[in-house]
Amino acid sequence: MKFSDIIIIGAGAAGLMAASGAGNQNSGKDLSITILEKMPRPGRKIMITGKGRCNFTNLKDWNEFSGHIHPKPNLLKPAFHNLTSEKMMDFLNENGLETVVERGDRAFPASHLSKDVVDALVRAAKKGGAEILCEKEVTEIRAEENGREKFIIECADGSTYCCNRLIITTGGLSYPTTGSTGDGYRWAKDFGITLRPCFPSLTAVVPKNYKTTPAEQSVQMKGHIDRSTPLSEAGNMLKGIQLKNCHMVGAGGEEEKEKKTKKK
């Protein structure tokens, strides 16, 4: 069993930044930091962002940026001001990444390669003293108060780790193929943390009655239809049809357009 002062589960953007921060804040204490990542390499999800170019931040100020956060932007306001977009660019520059700003105030690596962002974050984590262990799928976490060993972490390969402080940065359920399979939700539930139902924030729009959705699911999930729900008869008839050069108007959209036209 290997002991670390801090163990971080998940070597994505949050985990690598956490390792850098923990190391920098406690640089005088010589803390040991271990990151356990179940994928073959860190930052798998970062690699596919921005069509492989990784649009890692946006330089709009809070008043412009907050309008794109739904439904309660003020929840993120302290985080936004603690690590501004300019500070994020400086952080990556300090860790060897050249950056550029393109239209819409979007910031990218100058190379337009997302792997360079991953490399910069890995350098920052290692600079903070972290050891990154890949292909370490965590299967169980136990809280055991035994001196300095407060958490016991079991991995699928039979290895065991223990630590005094545990940080879980496993992401959500957005891209299972990148490792985001909702592990953190399961562990949170095991530790008695209340969870709200999860559903996609960016997803497809389907016609009414496209799937055989139970009425109770629509109420609980506010209209969300799980992808595993089978197609209805109408859905099977529509399957495979493609529409090009189309746009969608929200409820009452056409009526509002007519009113504006009459006013003119």
# chains A, B, ... in the order shown; residues from 1 in each chain; ligands from 1
$ closest_atom_pairs --of "stretch 6-82 of chain A" --to "stretch 170-174 of chain A" --cutoff "8 Å" --atoms "only C-alpha atoms" --output "Markdown table"
| residue | atom | partner | partner_atom | distance |
| --- | --- | --- | --- | --- |
| A:Ile9 | CA | A:Thr170 | CA | 6.4 |
| A:Gly10 | CA | A:Thr170 | CA | 4.8 |
| A:Ala11 | CA | A:Thr170 | CA | 7.8 |
| A:Gly12 | CA | A:Thr170 | CA | 7.5 |
| A:Gly15 | CA | A:Thr170 | CA | 7.9 |
$ closest_atom_pairs --of "stretch 121-217 of chain A" --to "stretch 39-63 of chain A" --cutoff "12 Å" --atoms "only C-alpha atoms" --output "CSV"
residue,atom,partner,partner_atom,distance
A:Leu121,CA,A:Gly43,CA,8.7
A:Val122,CA,A:Pro42,CA,7.7
A:Arg123,CA,A:Pro42,CA,11.5
A:Ala125,CA,A:Pro42,CA,11.0
A:Glu131,CA,A:Pro42,CA,11.7
A:Ile132,CA,A:Pro42,CA,8.2
A:Leu133,CA,A:Arg41,CA,8.7
A:Cys134,CA,A:Pro40,CA,5.4
A:Glu135,CA,A:Met39,CA,5.1
A:Lys136,CA,A:Met39,CA,7.4
A:Glu137,CA,A:Met39,CA,7.7
A:Val138,CA,A:Met39,CA,11.0
A:Thr169,CA,A:Gly43,CA,11.7
A:Thr170,CA,A:Lys45,CA,11.1
A:Gly171,CA,A:Lys45,CA,9.7
A:Gly172,CA,A:Lys45,CA,11.3
A:Leu173,CA,A:Lys45,CA,11.6
A:Ser174,CA,A:Lys45,CA,9.5
A:Tyr175,CA,A:Lys45,CA,7.6
A:Pro176,CA,A:Lys45,CA,9.7
A:Thr177,CA,A:Lys45,CA,8.8
A:Thr178,CA,A:Arg44,CA,5.4
A:Gly179,CA,A:Met39,CA,6.4
A:Ser180,CA,A:Lys45,CA,8.4
A:Thr181,CA,A:Met39,CA,11.6
$ closest_residue --among "A:Cys155, A:Ala22, A:Ala13, A:Met88" --to "A:Ser114" --atoms "only C-alpha atoms"
A:Ala13
$ residues_around --residues "A:Thr99" --least-positions-apart "2" --cutoff "8 Å" --atoms "only C-alpha atoms" --output "mmCIF file with C-alpha atoms, in the first residue's frame"
data_model
loop_
_atom_site.group_PDB
_atom_site.id
_atom_site.type_symbol
_atom_site.label_atom_id
_atom_site.label_comp_id
_atom_site.auth_asym_id
_atom_site.auth_seq_id
_atom_site.Cartn_x
_atom_site.Cartn_y
_atom_site.Cartn_z
ATOM 1 C CA MET A 89 -3.310 32.251 -20.395
ATOM 2 C CA ASN A 93 2.465 30.443 -21.047
ATOM 3 C CA LEU A 97 2.453 26.870 -24.163
ATOM 4 C CA VAL A 101 -6.644 34.797 -29.479
ATOM 5 C CA ALA A 107 -8.058 31.499 -26.912
ATOM 6 C CA PHE A 108 -6.243 28.557 -28.538
ATOM 7 C CA PRO A 109 -2.757 27.058 -28.431
ATOM 8 C CA ALA A 110 -0.660 28.753 -31.133
ATOM 9 C CA SER A 111 0.058 25.323 -32.610
#
$ residues_around --residues "A:Tyr161" --least-positions-apart "5" --cutoff "9 Å" --atoms "only C-alpha atoms" --output "number ranges by chain"
A: 1-4, 7, 151-155
$ select_by_dssp --residues "stretch 69-130 of chain A" --states "strand (DSSP E or B)" --output "list of chain:residue names"
A:Thr99, A:Val100, A:Val101, A:Glu102, A:Arg106, A:Ala107, A:Phe108, A:Pro109, A:Ala130
$ atom_distance --atom1 "atom CA of A:Val117" --atom2 "atom CA of A:Leu92"
7.7 Å
$ atom_distance --atom1 "atom CA of A:Asn209" --atom2 "atom CA of A:Ile241"
15.9 Å
$ atom_distance --atom1 "atom CA of A:Phe191" --atom2 "atom CA of A:Lys77"
27.9 Å
$ closest_residue --among "A:Glu64, A:Asp226, A:Asp183, A:Glu144" --to "A:Asn164" --atoms "only C-alpha atoms"
A:Glu144
$ closest_residue --among "A:Ser232, A:Ser159, A:Pro78, A:Thr139" --to "A:Gly184" --atoms "only C-alpha atoms"
A:Thr139
$ select_by_dssp --residues "stretch 29-185 of chain A" --states "alpha helix (DSSP H)" --output "ChimeraX atom specification"
/A:44-48,62-65,77-82,85-94,114-127,183-185
